[in-house]
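Engineer: Here you go, query.cif (mmCIF, C-alpha atoms and all ligand atoms):
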```
data_run
loop_
_atom_site.group_PDB
_atom_site.id
_atom_site.type_symbol
_atom_site.label_atom_id
_atom_site.label_comp_id
_atom_site.auth_asym_id
_atom_site.auth_seq_id
_atom_site.Cartn_x
_atom_site.Cartn_y
_atom_site.Cartn_z
ATOM 1 C CA MET A 27 3.412 18.890 -11.962
ATOM 2 C CA ASP A 28 4.417 20.643 -8.754
ATOM 3 C CA VAL A 29 4.786 18.626 -5.575
ATOM 4 C CA ASP A 30 1.755 20.140 -3.821
ATOM 5 C CA THR A 31 -0.478 19.170 -6.733
ATOM 6 C CA ALA A 32 0.906 15.638 -6.715
ATOM 7 C CA LEU A 33 0.269 15.417 -2.960
ATOM 8 C CA ARG A 34 -3.308 16.630 -3.315
ATOM 9 C CA THR A 35 -4.237 14.531 -6.333
ATOM 10 C CA ARG A 36 -2.713 11.214 -5.272
ATOM 11 C CA GLY A 37 -5.356 8.872 -4.018
ATOM 12 C CA SER A 38 -5.526 5.155 -3.390
ATOM 13 C CA THR A 39 -6.701 3.636 -6.657
ATOM 14 C CA ARG A 40 -8.552 0.336 -6.476
ATOM 15 C CA ALA A 41 -9.446 -0.276 -10.119
ATOM 16 C CA PHE A 42 -6.940 -0.087 -12.968
ATOM 17 C CA LEU A 43 -7.125 -0.171 -16.735
ATOM 18 C CA ASN A 44 -5.839 -3.213 -18.582
ATOM 19 C CA ARG A 45 -3.032 -1.052 -19.968
ATOM 20 C CA PRO A 46 0.606 -2.032 -19.571
ATOM 21 C CA VAL A 47 3.186 0.165 -17.877
ATOM 22 C CA ALA A 48 6.523 0.320 -19.694
ATOM 23 C CA HIS A 49 9.572 -1.073 -17.916
ATOM 24 C CA GLU A 50 11.279 2.304 -18.468
ATOM 25 C CA MET A 51 8.421 4.073 -16.682
ATOM 26 C CA VAL A 52 8.750 1.896 -13.568
ATOM 27 C CA ALA A 53 12.505 2.482 -13.679
ATOM 28 C CA THR A 54 11.894 6.253 -13.911
ATOM 29 C CA LEU A 55 9.810 6.211 -10.714
ATOM 30 C CA LEU A 56 12.431 4.209 -8.833
ATOM 31 C CA GLU A 57 15.155 6.478 -10.208
ATOM 32 C CA ALA A 58 13.360 9.478 -8.667
ATOM 33 C CA ALA A 59 12.495 7.745 -5.386
ATOM 34 C CA ARG A 60 16.084 6.684 -4.729
ATOM 35 C CA PHE A 61 16.689 10.296 -3.698
ATOM 36 C CA ALA A 62 14.357 9.842 -0.706
ATOM 37 C CA PRO A 63 16.033 10.637 2.615
ATOM 38 C CA SER A 64 17.032 8.003 5.153
ATOM 39 C CA GLY A 65 18.717 8.287 8.546
ATOM 40 C CA THR A 66 22.506 8.342 7.972
ATOM 41 C CA ASN A 67 21.670 7.541 4.339
ATOM 42 C CA ILE A 68 21.383 3.780 4.946
ATOM 43 C CA GLN A 69 18.735 3.379 2.198
ATOM 44 C CA PRO A 70 17.041 0.294 3.669
ATOM 45 C CA TRP A 71 14.788 -0.465 0.675
ATOM 46 C CA GLN A 72 14.749 -3.714 -1.317
ATOM 47 C CA VAL A 73 12.162 -3.510 -4.093
ATOM 48 C CA HIS A 74 10.683 -6.385 -6.103
ATOM 49 C CA VAL A 75 8.815 -5.384 -9.270
ATOM 50 C CA VAL A 76 6.365 -8.103 -10.280
ATOM 51 C CA THR A 77 4.772 -8.192 -13.712
ATOM 52 C CA GLY A 78 3.572 -10.737 -16.271
ATOM 53 C CA GLU A 79 3.691 -14.391 -15.294
ATOM 54 C CA THR A 80 5.383 -13.687 -11.943
ATOM 55 C CA ARG A 81 2.591 -11.287 -11.053
ATOM 56 C CA GLU A 82 0.052 -13.929 -12.075
ATOM 57 C CA ARG A 83 1.717 -16.542 -9.900
ATOM 58 C CA VAL A 84 1.985 -14.267 -6.852
ATOM 59 C CA CYS A 85 -1.675 -13.286 -7.194
ATOM 60 C CA ARG A 86 -2.898 -16.823 -7.802
ATOM 61 C CA GLU A 87 -1.059 -18.344 -4.844
ATOM 62 C CA VAL A 88 -1.900 -15.526 -2.429
ATOM 63 C CA ARG A 89 -5.560 -15.465 -3.444
ATOM 64 C CA HIS A 90 -5.699 -19.207 -2.846
ATOM 65 C CA ALA A 91 -4.104 -18.825 0.585
ATOM 66 C CA ALA A 92 -6.381 -15.888 1.463
ATOM 67 C CA ALA A 93 -9.500 -17.779 0.451
ATOM 68 C CA HIS A 94 -8.682 -21.214 1.914
ATOM 69 C CA GLU A 95 -6.056 -21.019 4.637
ATOM 70 C CA ARG A 96 -6.367 -17.504 5.989
ATOM 71 C CA ALA A 97 -5.828 -18.528 9.631
ATOM 72 C CA GLN A 98 -2.332 -19.799 8.826
ATOM 73 C CA HIS A 99 -1.118 -16.459 7.477
ATOM 74 C CA LYS A 100 -0.223 -13.342 9.383
ATOM 75 C CA ALA A 101 2.203 -10.465 9.010
ATOM 76 C CA PRO A 102 5.203 -10.781 11.344
ATOM 77 C CA PHE A 103 4.482 -7.305 12.750
ATOM 78 C CA ASP A 104 1.424 -5.361 13.921
ATOM 79 C CA PHE A 105 0.311 -2.908 11.296
ATOM 80 C CA TYR A 106 -2.789 -1.800 13.203
ATOM 81 C CA PRO A 107 -3.337 -1.269 16.927
ATOM 82 C CA THR A 108 -4.081 -4.517 18.749
ATOM 83 C CA GLN A 109 -6.620 -2.561 20.845
ATOM 84 C CA TRP A 110 -8.583 -0.047 18.760
ATOM 85 C CA ARG A 111 -9.635 3.162 20.529
ATOM 86 C CA GLU A 112 -10.948 6.572 19.642
ATOM 87 C CA PRO A 113 -10.250 8.667 17.687
ATOM 88 C CA TYR A 114 -8.617 6.045 15.458
ATOM 89 C CA LEU A 115 -11.472 3.575 15.587
ATOM 90 C CA GLY A 116 -13.952 6.162 14.304
ATOM 91 C CA ARG A 117 -11.647 7.243 11.497
ATOM 92 C CA ARG A 118 -11.058 3.651 10.500
ATOM 93 C CA ARG A 119 -14.784 2.929 10.419
ATOM 94 C CA ALA A 120 -15.512 6.070 8.404
ATOM 95 C CA CYS A 121 -12.893 5.018 5.863
ATOM 96 C CA GLY A 122 -14.210 1.471 5.595
ATOM 97 C CA TRP A 123 -17.842 2.451 5.240
ATOM 98 C CA GLY A 124 -17.039 5.270 2.840
ATOM 99 C CA LEU A 125 -15.223 2.842 0.594
ATOM 100 C CA TYR A 126 -17.926 0.214 0.840
ATOM 101 C CA SER A 127 -20.691 2.700 0.055
ATOM 102 C CA THR A 128 -19.053 3.597 -3.280
ATOM 103 C CA LEU A 129 -19.138 -0.128 -4.049
ATOM 104 C CA GLY A 130 -22.729 -0.607 -2.922
ATOM 105 C CA ILE A 131 -21.642 -2.979 -0.146
ATOM 106 C CA VAL A 132 -24.058 -2.834 2.766
ATOM 107 C CA LYS A 133 -23.405 -3.573 6.437
ATOM 108 C CA GLY A 134 -23.496 -7.299 7.115
ATOM 109 C CA ASP A 135 -22.670 -8.357 3.558
ATOM 110 C CA HIS A 136 -19.553 -10.249 4.571
ATOM 111 C CA ALA A 137 -19.240 -12.070 1.238
ATOM 112 C CA ALA A 138 -19.038 -8.793 -0.675
ATOM 113 C CA GLY A 139 -16.584 -7.391 1.886
ATOM 114 C CA LEU A 140 -14.380 -10.459 1.521
ATOM 115 C CA GLU A 141 -14.512 -10.203 -2.264
ATOM 116 C CA GLN A 142 -13.352 -6.574 -2.072
ATOM 117 C CA GLU A 143 -10.555 -7.581 0.273
ATOM 118 C CA LEU A 144 -9.471 -10.332 -2.114
ATOM 119 C CA ARG A 145 -9.097 -7.743 -4.900
ATOM 120 C CA ASN A 146 -6.028 -6.606 -2.989
ATOM 121 C CA TYR A 147 -4.459 -9.861 -4.100
ATOM 122 C CA ASP A 148 -4.908 -9.017 -7.744
ATOM 123 C CA PHE A 149 -3.236 -5.616 -7.223
ATOM 124 C CA PHE A 150 -6.755 -4.332 -8.023
ATOM 125 C CA GLY A 151 -6.062 -5.227 -11.653
ATOM 126 C CA ALA A 152 -2.875 -3.130 -11.896
ATOM 127 C CA PRO A 153 -0.316 -4.616 -14.305
ATOM 128 C CA VAL A 154 2.604 -3.860 -11.976
ATOM 129 C CA GLY A 155 3.052 -4.834 -8.359
ATOM 130 C CA LEU A 156 5.805 -3.454 -6.182
ATOM 131 C CA LEU A 157 6.715 -5.469 -3.103
ATOM 132 C CA PHE A 158 8.935 -3.843 -0.511
ATOM 133 C CA PHE A 159 11.248 -5.793 1.766
ATOM 134 C CA ILE A 160 13.531 -4.709 4.591
ATOM 135 C CA ASP A 161 16.244 -6.543 6.508
ATOM 136 C CA ASN A 162 14.767 -7.923 9.734
ATOM 137 C CA ASP A 163 17.486 -6.414 11.900
ATOM 138 C CA LEU A 164 16.701 -2.826 10.898
ATOM 139 C CA PRO A 165 14.611 -1.107 13.576
ATOM 140 C CA ILE A 166 11.729 1.351 13.500
ATOM 141 C CA GLY A 167 13.817 4.283 12.240
ATOM 142 C CA SER A 168 14.403 2.486 8.967
ATOM 143 C CA TRP A 169 10.664 1.849 8.628
ATOM 144 C CA LEU A 170 10.218 5.618 8.859
ATOM 145 C CA ASP A 171 12.756 5.979 6.030
ATOM 146 C CA TYR A 172 10.801 3.400 4.072
ATOM 147 C CA GLY A 173 7.538 5.334 4.279
ATOM 148 C CA MET A 174 9.247 8.318 2.707
ATOM 149 C CA PHE A 175 10.599 6.133 -0.078
ATOM 150 C CA VAL A 176 7.231 4.557 -0.860
ATOM 151 C CA GLN A 177 5.465 7.931 -0.865
ATOM 152 C CA SER A 178 8.165 9.240 -3.208
ATOM 153 C CA ILE A 179 7.357 6.466 -5.665
ATOM 154 C CA MET A 180 3.640 7.230 -5.403
ATOM 155 C CA LEU A 181 4.109 10.968 -5.968
ATOM 156 C CA SER A 182 6.417 10.395 -8.906
ATOM 157 C CA ALA A 183 3.773 8.043 -10.324
ATOM 158 C CA VAL A 184 1.125 10.781 -10.089
ATOM 159 C CA SER A 185 3.399 13.219 -11.905
ATOM 160 C CA HIS A 186 3.689 10.717 -14.774
ATOM 161 C CA GLY A 187 -0.058 10.131 -15.040
ATOM 162 C CA LEU A 188 0.017 6.840 -13.164
ATOM 163 C CA ALA A 189 -1.974 5.727 -10.137
ATOM 164 C CA THR A 190 -1.124 3.628 -7.093
ATOM 165 C CA CYS A 191 -2.556 1.915 -4.055
ATOM 166 C CA PRO A 192 -0.325 1.230 -1.063
ATOM 167 C CA GLN A 193 -1.161 -2.214 0.303
ATOM 168 C CA TYR A 194 -0.341 -3.564 3.703
ATOM 169 C CA SER A 195 -2.384 -6.677 2.903
ATOM 170 C CA TRP A 196 0.439 -8.446 1.109
ATOM 171 C CA SER A 197 2.477 -8.623 4.320
ATOM 172 C CA ASN A 198 0.094 -11.221 5.695
ATOM 173 C CA PHE A 199 1.203 -13.606 2.961
ATOM 174 C CA HIS A 200 4.956 -13.135 3.140
ATOM 175 C CA GLN A 201 5.495 -16.882 3.487
ATOM 176 C CA VAL A 202 3.689 -17.497 0.196
ATOM 177 C CA ILE A 203 5.473 -14.693 -1.646
ATOM 178 C CA ARG A 204 9.023 -15.114 -0.374
ATOM 179 C CA PRO A 205 9.828 -18.410 -2.172
ATOM 180 C CA ILE A 206 8.308 -17.186 -5.443
ATOM 181 C CA LEU A 207 10.608 -14.160 -5.458
ATOM 182 C CA GLY A 208 13.579 -15.900 -3.830
ATOM 183 C CA VAL A 209 13.647 -13.532 -0.863
ATOM 184 C CA PRO A 210 15.490 -14.848 2.224
ATOM 185 C CA GLU A 211 13.879 -15.277 5.651
ATOM 186 C CA SER A 212 16.132 -12.462 6.873
ATOM 187 C CA GLN A 213 13.897 -9.898 5.134
ATOM 188 C CA THR A 214 10.393 -8.692 6.057
ATOM 189 C CA LEU A 215 7.719 -7.770 3.529
ATOM 190 C CA ILE A 216 6.688 -4.278 4.668
ATOM 191 C CA CYS A 217 3.955 -3.631 2.101
ATOM 192 C CA GLY A 218 3.098 -3.620 -1.584
ATOM 193 C CA VAL A 219 2.004 -0.954 -4.045
ATOM 194 C CA ALA A 220 -0.295 -1.536 -7.012
ATOM 195 C CA LEU A 221 0.874 0.553 -9.967
ATOM 196 C CA GLY A 222 -0.893 1.264 -13.237
ATOM 197 C CA TYR A 223 -3.330 3.555 -15.017
ATOM 198 C CA ALA A 224 -6.507 4.335 -13.071
ATOM 199 C CA ASP A 225 -9.849 3.230 -14.482
ATOM 200 C CA PRO A 226 -11.723 6.567 -14.555
ATOM 201 C CA ALA A 227 -15.085 4.810 -14.933
ATOM 202 C CA ALA A 228 -14.757 2.739 -11.737
ATOM 203 C CA ALA A 229 -16.903 4.074 -8.896
ATOM 204 C CA VAL A 230 -14.440 2.804 -6.292
ATOM 205 C CA ASN A 231 -11.873 5.314 -7.515
ATOM 206 C CA SER A 232 -14.199 8.190 -6.734
ATOM 207 C CA TYR A 233 -13.850 7.607 -3.002
ATOM 208 C CA ARG A 234 -11.735 10.314 -1.392
ATOM 209 C CA PRO A 235 -11.482 9.994 2.389
ATOM 210 C CA THR A 236 -11.622 13.262 4.296
ATOM 211 C CA ARG A 237 -8.660 14.707 6.141
ATOM 212 C CA LEU A 238 -8.351 16.508 9.447
ATOM 213 C CA PRO A 239 -7.899 20.270 9.261
ATOM 214 C CA VAL A 240 -4.392 21.463 10.188
ATOM 215 C CA GLU A 241 -5.606 22.962 13.499
ATOM 216 C CA GLU A 242 -6.639 19.509 14.738
ATOM 217 C CA PHE A 243 -3.154 18.051 14.648
ATOM 218 C CA THR A 244 -0.896 21.107 15.004
ATOM 219 C CA SER A 245 0.208 23.052 18.055
ATOM 220 C CA TRP A 246 1.919 26.295 17.199
ATOM 221 C CA HIS A 247 4.590 27.492 19.619
ATOM 222 C CA GLY A 248 6.115 30.956 19.562
ATOM 223 C CA ASN A 249 4.787 33.835 17.506
ATOM 224 C CA ASP A 250 7.289 34.276 14.659
ATOM 225 C CA VAL A 251 5.143 32.530 12.014
HETATM 226 C C1 LIG A 301 1.010 1.713 4.526
HETATM 227 C C2 LIG A 301 -0.387 1.669 3.930
HETATM 228 C C3 LIG A 301 -1.012 0.453 3.747
HETATM 229 C C4 LIG A 301 -2.291 0.392 3.151
HETATM 230 N N1 LIG A 301 -2.859 -0.838 2.898
HETATM 231 C C5 LIG A 301 -3.993 -0.900 2.180
HETATM 232 C C6 LIG A 301 -4.501 -2.160 1.776
HETATM 233 O O1 LIG A 301 -3.957 -3.213 2.077
HETATM 234 N N2 LIG A 301 -5.624 -2.170 0.992
HETATM 235 C C7 LIG A 301 -6.263 -1.023 0.615
HETATM 236 O O2 LIG A 301 -7.285 -1.106 -0.092
HETATM 237 N N3 LIG A 301 -5.813 0.190 1.004
HETATM 238 C C8 LIG A 301 -4.682 0.283 1.750
HETATM 239 N N4 LIG A 301 -4.166 1.509 2.101
HETATM 240 C C9 LIG A 301 -4.823 2.739 1.638
HETATM 241 C C10 LIG A 301 -5.483 3.556 2.747
HETATM 242 O O3 LIG A 301 -6.733 3.011 3.057
HETATM 243 C C11 LIG A 301 -5.592 5.003 2.235
HETATM 244 O O4 LIG A 301 -4.306 5.539 2.069
HETATM 245 C C12 LIG A 301 -6.381 5.913 3.191
HETATM 246 O O5 LIG A 301 -7.700 5.486 3.325
HETATM 247 C C13 LIG A 301 -6.354 7.359 2.673
HETATM 248 O O6 LIG A 301 -6.888 7.406 1.364
HETATM 249 P P1 LIG A 301 -6.081 7.932 0.107
HETATM 250 O O7 LIG A 301 -4.805 7.113 -0.005
HETATM 251 O O8 LIG A 301 -6.995 7.674 -1.064
HETATM 252 O O9 LIG A 301 -5.780 9.373 0.318
HETATM 253 C C14 LIG A 301 -2.934 1.594 2.753
HETATM 254 C C15 LIG A 301 -2.296 2.828 2.973
HETATM 255 C C16 LIG A 301 -1.044 2.863 3.549
HETATM 256 C C17 LIG A 301 -0.363 4.194 3.734
#
```
Could I get this structure in the form of structure tokens?
Structural biologist:
Amino acid sequence: MDVDTALRTRGSTRAFLNRPVAHEMVATLLEAARFAPSGTNIQPWQVHVVTGETRERVCREVRHAAAHERAQHKAPFDFYPTQWREPYLGRRRACGWGLYSTLGIVKGDHAAGLEQELRNYDFFGAPVGLLFFIDNDLPIGSWLDYGMFVQSIMLSAVSHGLATCPQYSWSNFHQVIRPILGVPESQTLICGVALGYADPAAAVNSYRPTRLPVEEFTSWHGNDV
């Protein structure tokens, strides 16, 4: 598969088949992604692959925390703006309602919305969870490196017939996850990725958010191209 096709066909998958992913396959994706660029080649990534009983434990404990003690848990960084404004607010709403409409969730149905949110903490049924940590003392440039690394994993996954969902949500529960995986306080949980085989029958996977046309985010300068 060429890179452009992988870019265009990758989509956030929120329902997976109950089909295992071979250890060698996960290793293949990481083997490809390790060639991602990073400023001065510092390679700031620390990846935890969770499967089997560890995956079950992470999901069980985080789901419990999310359902019963949500107020006590928060990511140690702002992922979203603290003050939403246009045009981002409108795009965010369109994404949320588009997703909910594929699930038949109507405005005001907070219980159904919460249930969908809690599916994050089952990796949407994916058999493999990837949790990405970074040393706390690495600044924003390394987070930029990290995005390239995570996208590399997701594109490699597409090229091997696998599906993914990047998940910020796990960061809120870093205090629950860290002791299970033995990760020191000196590292931050940036995000997770659910990895597995997409369930083609699940309506939620049919949702494809729109994108801006190139002209809306590009200013061309000069006249050589
Ligand atoms: C860093 C990052 C974190 C995300 N976190 C979540 C999440 O916690 N839960 C979720 O359902 N989707 C999450 N998403 C998926 C976005 O909603 C999705 O990428 C966006 O709507 C565009 O859709 P697409 O990925 O299908 O193209 C995240 C995406 C990124 C890049």
Engineer: For ligand LIG 301 (chain A), return the neighbouring residues as a PDB file with C-alpha atoms, in the coordinates of the input (distance at most 8 Å; all atoms listed in the file).
Structural biologist:
```
ATOM      1  CA  ARG A  36      -2.713  11.214  -5.272  1.00  0.00           C
ATOM      2  CA  GLY A  37      -5.356   8.872  -4.018  1.00  0.00           C
ATOM      3  CA  SER A  38      -5.526   5.155  -3.390  1.00  0.00           C
ATOM      4  CA  THR A  39      -6.701   3.636  -6.657  1.00  0.00           C
ATOM      5  CA  ARG A  40      -8.552   0.336  -6.476  1.00  0.00           C
ATOM      6  CA  CYS A 121     -12.893   5.018   5.863  1.00  0.00           C
ATOM      7  CA  GLY A 122     -14.210   1.471   5.595  1.00  0.00           C
ATOM      8  CA  GLU A 143     -10.555  -7.581   0.273  1.00  0.00           C
ATOM      9  CA  ASN A 146      -6.028  -6.606  -2.989  1.00  0.00           C
ATOM     10  CA  GLY A 173       7.538   5.334   4.279  1.00  0.00           C
ATOM     11  CA  CYS A 191      -2.556   1.915  -4.055  1.00  0.00           C
ATOM     12  CA  PRO A 192      -0.325   1.230  -1.063  1.00  0.00           C
ATOM     13  CA  GLN A 193      -1.161  -2.214   0.303  1.00  0.00           C
ATOM     14  CA  TYR A 194      -0.341  -3.564   3.703  1.00  0.00           C
ATOM     15  CA  SER A 195      -2.384  -6.677   2.903  1.00  0.00           C
ATOM     16  CA  TRP A 196       0.439  -8.446   1.109  1.00  0.00           C
ATOM     17  CA  CYS A 217       3.955  -3.631   2.101  1.00  0.00           C
ATOM     18  CA  GLY A 218       3.098  -3.620  -1.584  1.00  0.00           C
ATOM     19  CA  TYR A 233     -13.850   7.607  -3.002  1.00  0.00           C
ATOM     20  CA  ARG A 234     -11.735  10.314  -1.392  1.00  0.00           C
ATOM     21  CA  PRO A 235     -11.482   9.994   2.389  1.00  0.00           C
TER      22      PRO A 235
END
```
Engineer: Each residue of stretch 207-232 of chain A with at least one atom at most 10 Å from stretch 96-113 of chain A should appear once, together with its nearest atom pair and the corresponding distance in Å (one decimal); atoms considered: only C-alpha atoms; ordering: chain, then increasing residue number; output as a Markdown table.
Structural biologist:
```
| residue | atom | partner | partner_atom | distance |
| --- | --- | --- | --- | --- |
| A:Thr214 | CA | A:Pro102 | CA | 7.7 |
| A:Leu215 | CA | A:Ala101 | CA | 8.2 |
| A:Ile216 | CA | A:Ala101 | CA | 8.8 |
| A:Cys217 | CA | A:Ala101 | CA | 9.9 |
```
Engineer: Pick out the residues sitting within 12 Å of A:Lys133, and hand them over as number ranges by chain; count only C-alpha atoms, and ignore anything fewer than 6 positions along from it in its own chain.
Structural biologist: A: 119, 122-127, 139
Engineer: Those residues you just picked out, can you put them in a file as a compact mmCIF listing (two decimals), in the frame of the given file with C-alpha atoms?
Structural biologist:
```txt
# COMPACT_ATOMS: atom_id res chain seq x y z
CA ARG A 119 -14.78 2.93 10.42
CA GLY A 122 -14.21 1.47 5.60
CA TRP A 123 -17.84 2.45 5.24
CA GLY A 124 -17.04 5.27 2.84
CA LEU A 125 -15.22 2.84 0.59
CA TYR A 126 -17.93 0.21 0.84
CA SER A 127 -20.69 2.70 0.06
CA GLY A 139 -16.58 -7.39 1.89
```
Engineer: Applying 8 Å and all atoms listed in the file, which residues near A:Met180 remain after dropping the ones on its own chain fewer than 3 positions away? List them as a list in words.
Structural biologist: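 Final neighbour list, sorted by chain and number: Arg36, Val176, Gln177, Ala183, Val184, Ala189 and Thr190 of chain A.
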Engineer: Which centre and which edge lengths, in Å to one decimal, describe the axis-aligned box that holds all listed atoms of stretch 89-95 of chain A after 4 Å is added on each side, as lines of an AutoDock Vina configuration file?
Structural biologist:
```
center_x = -6.8
center_y = -18.3
center_z = 0.6
size_x = 13.4
size_y = 13.7
size_z = 16.1
```
Engineer: I want to know what sits within 10 Å of A:Gly151, based on only C-alpha atoms, with residues of the same chain fewer than 4 positions away left out; could you give that as a PyMOL selection string?
Structural biologist: chain A and resi 40-45+145-147+155+220-225
Engineer: Can you translate the PyMOL selection byres (((chain A and resi 71-77) around 7) and not hetatm) into the concrete residues it hits in this file, as a list of chain:residue names?
Structural biologist: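 That selection, the PyMOL selection byres (((chain A and resi 71-77) around 7) and not hetatm), comes back as A:Gln69, A:Pro70, A:Gly78, A:Glu79, A:Thr80, A:Arg81, A:Pro153, A:Val154, A:Gly155, A:Leu156, A:Leu157, A:Phe158, A:Phe159, A:Ile160, A:Tyr172.
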Engineer: Record the distance separating atom CA of A:Arg118 and atom CA of A:Ile131, expressed in Å with one decimal.
Structural biologist: 16.4 Å
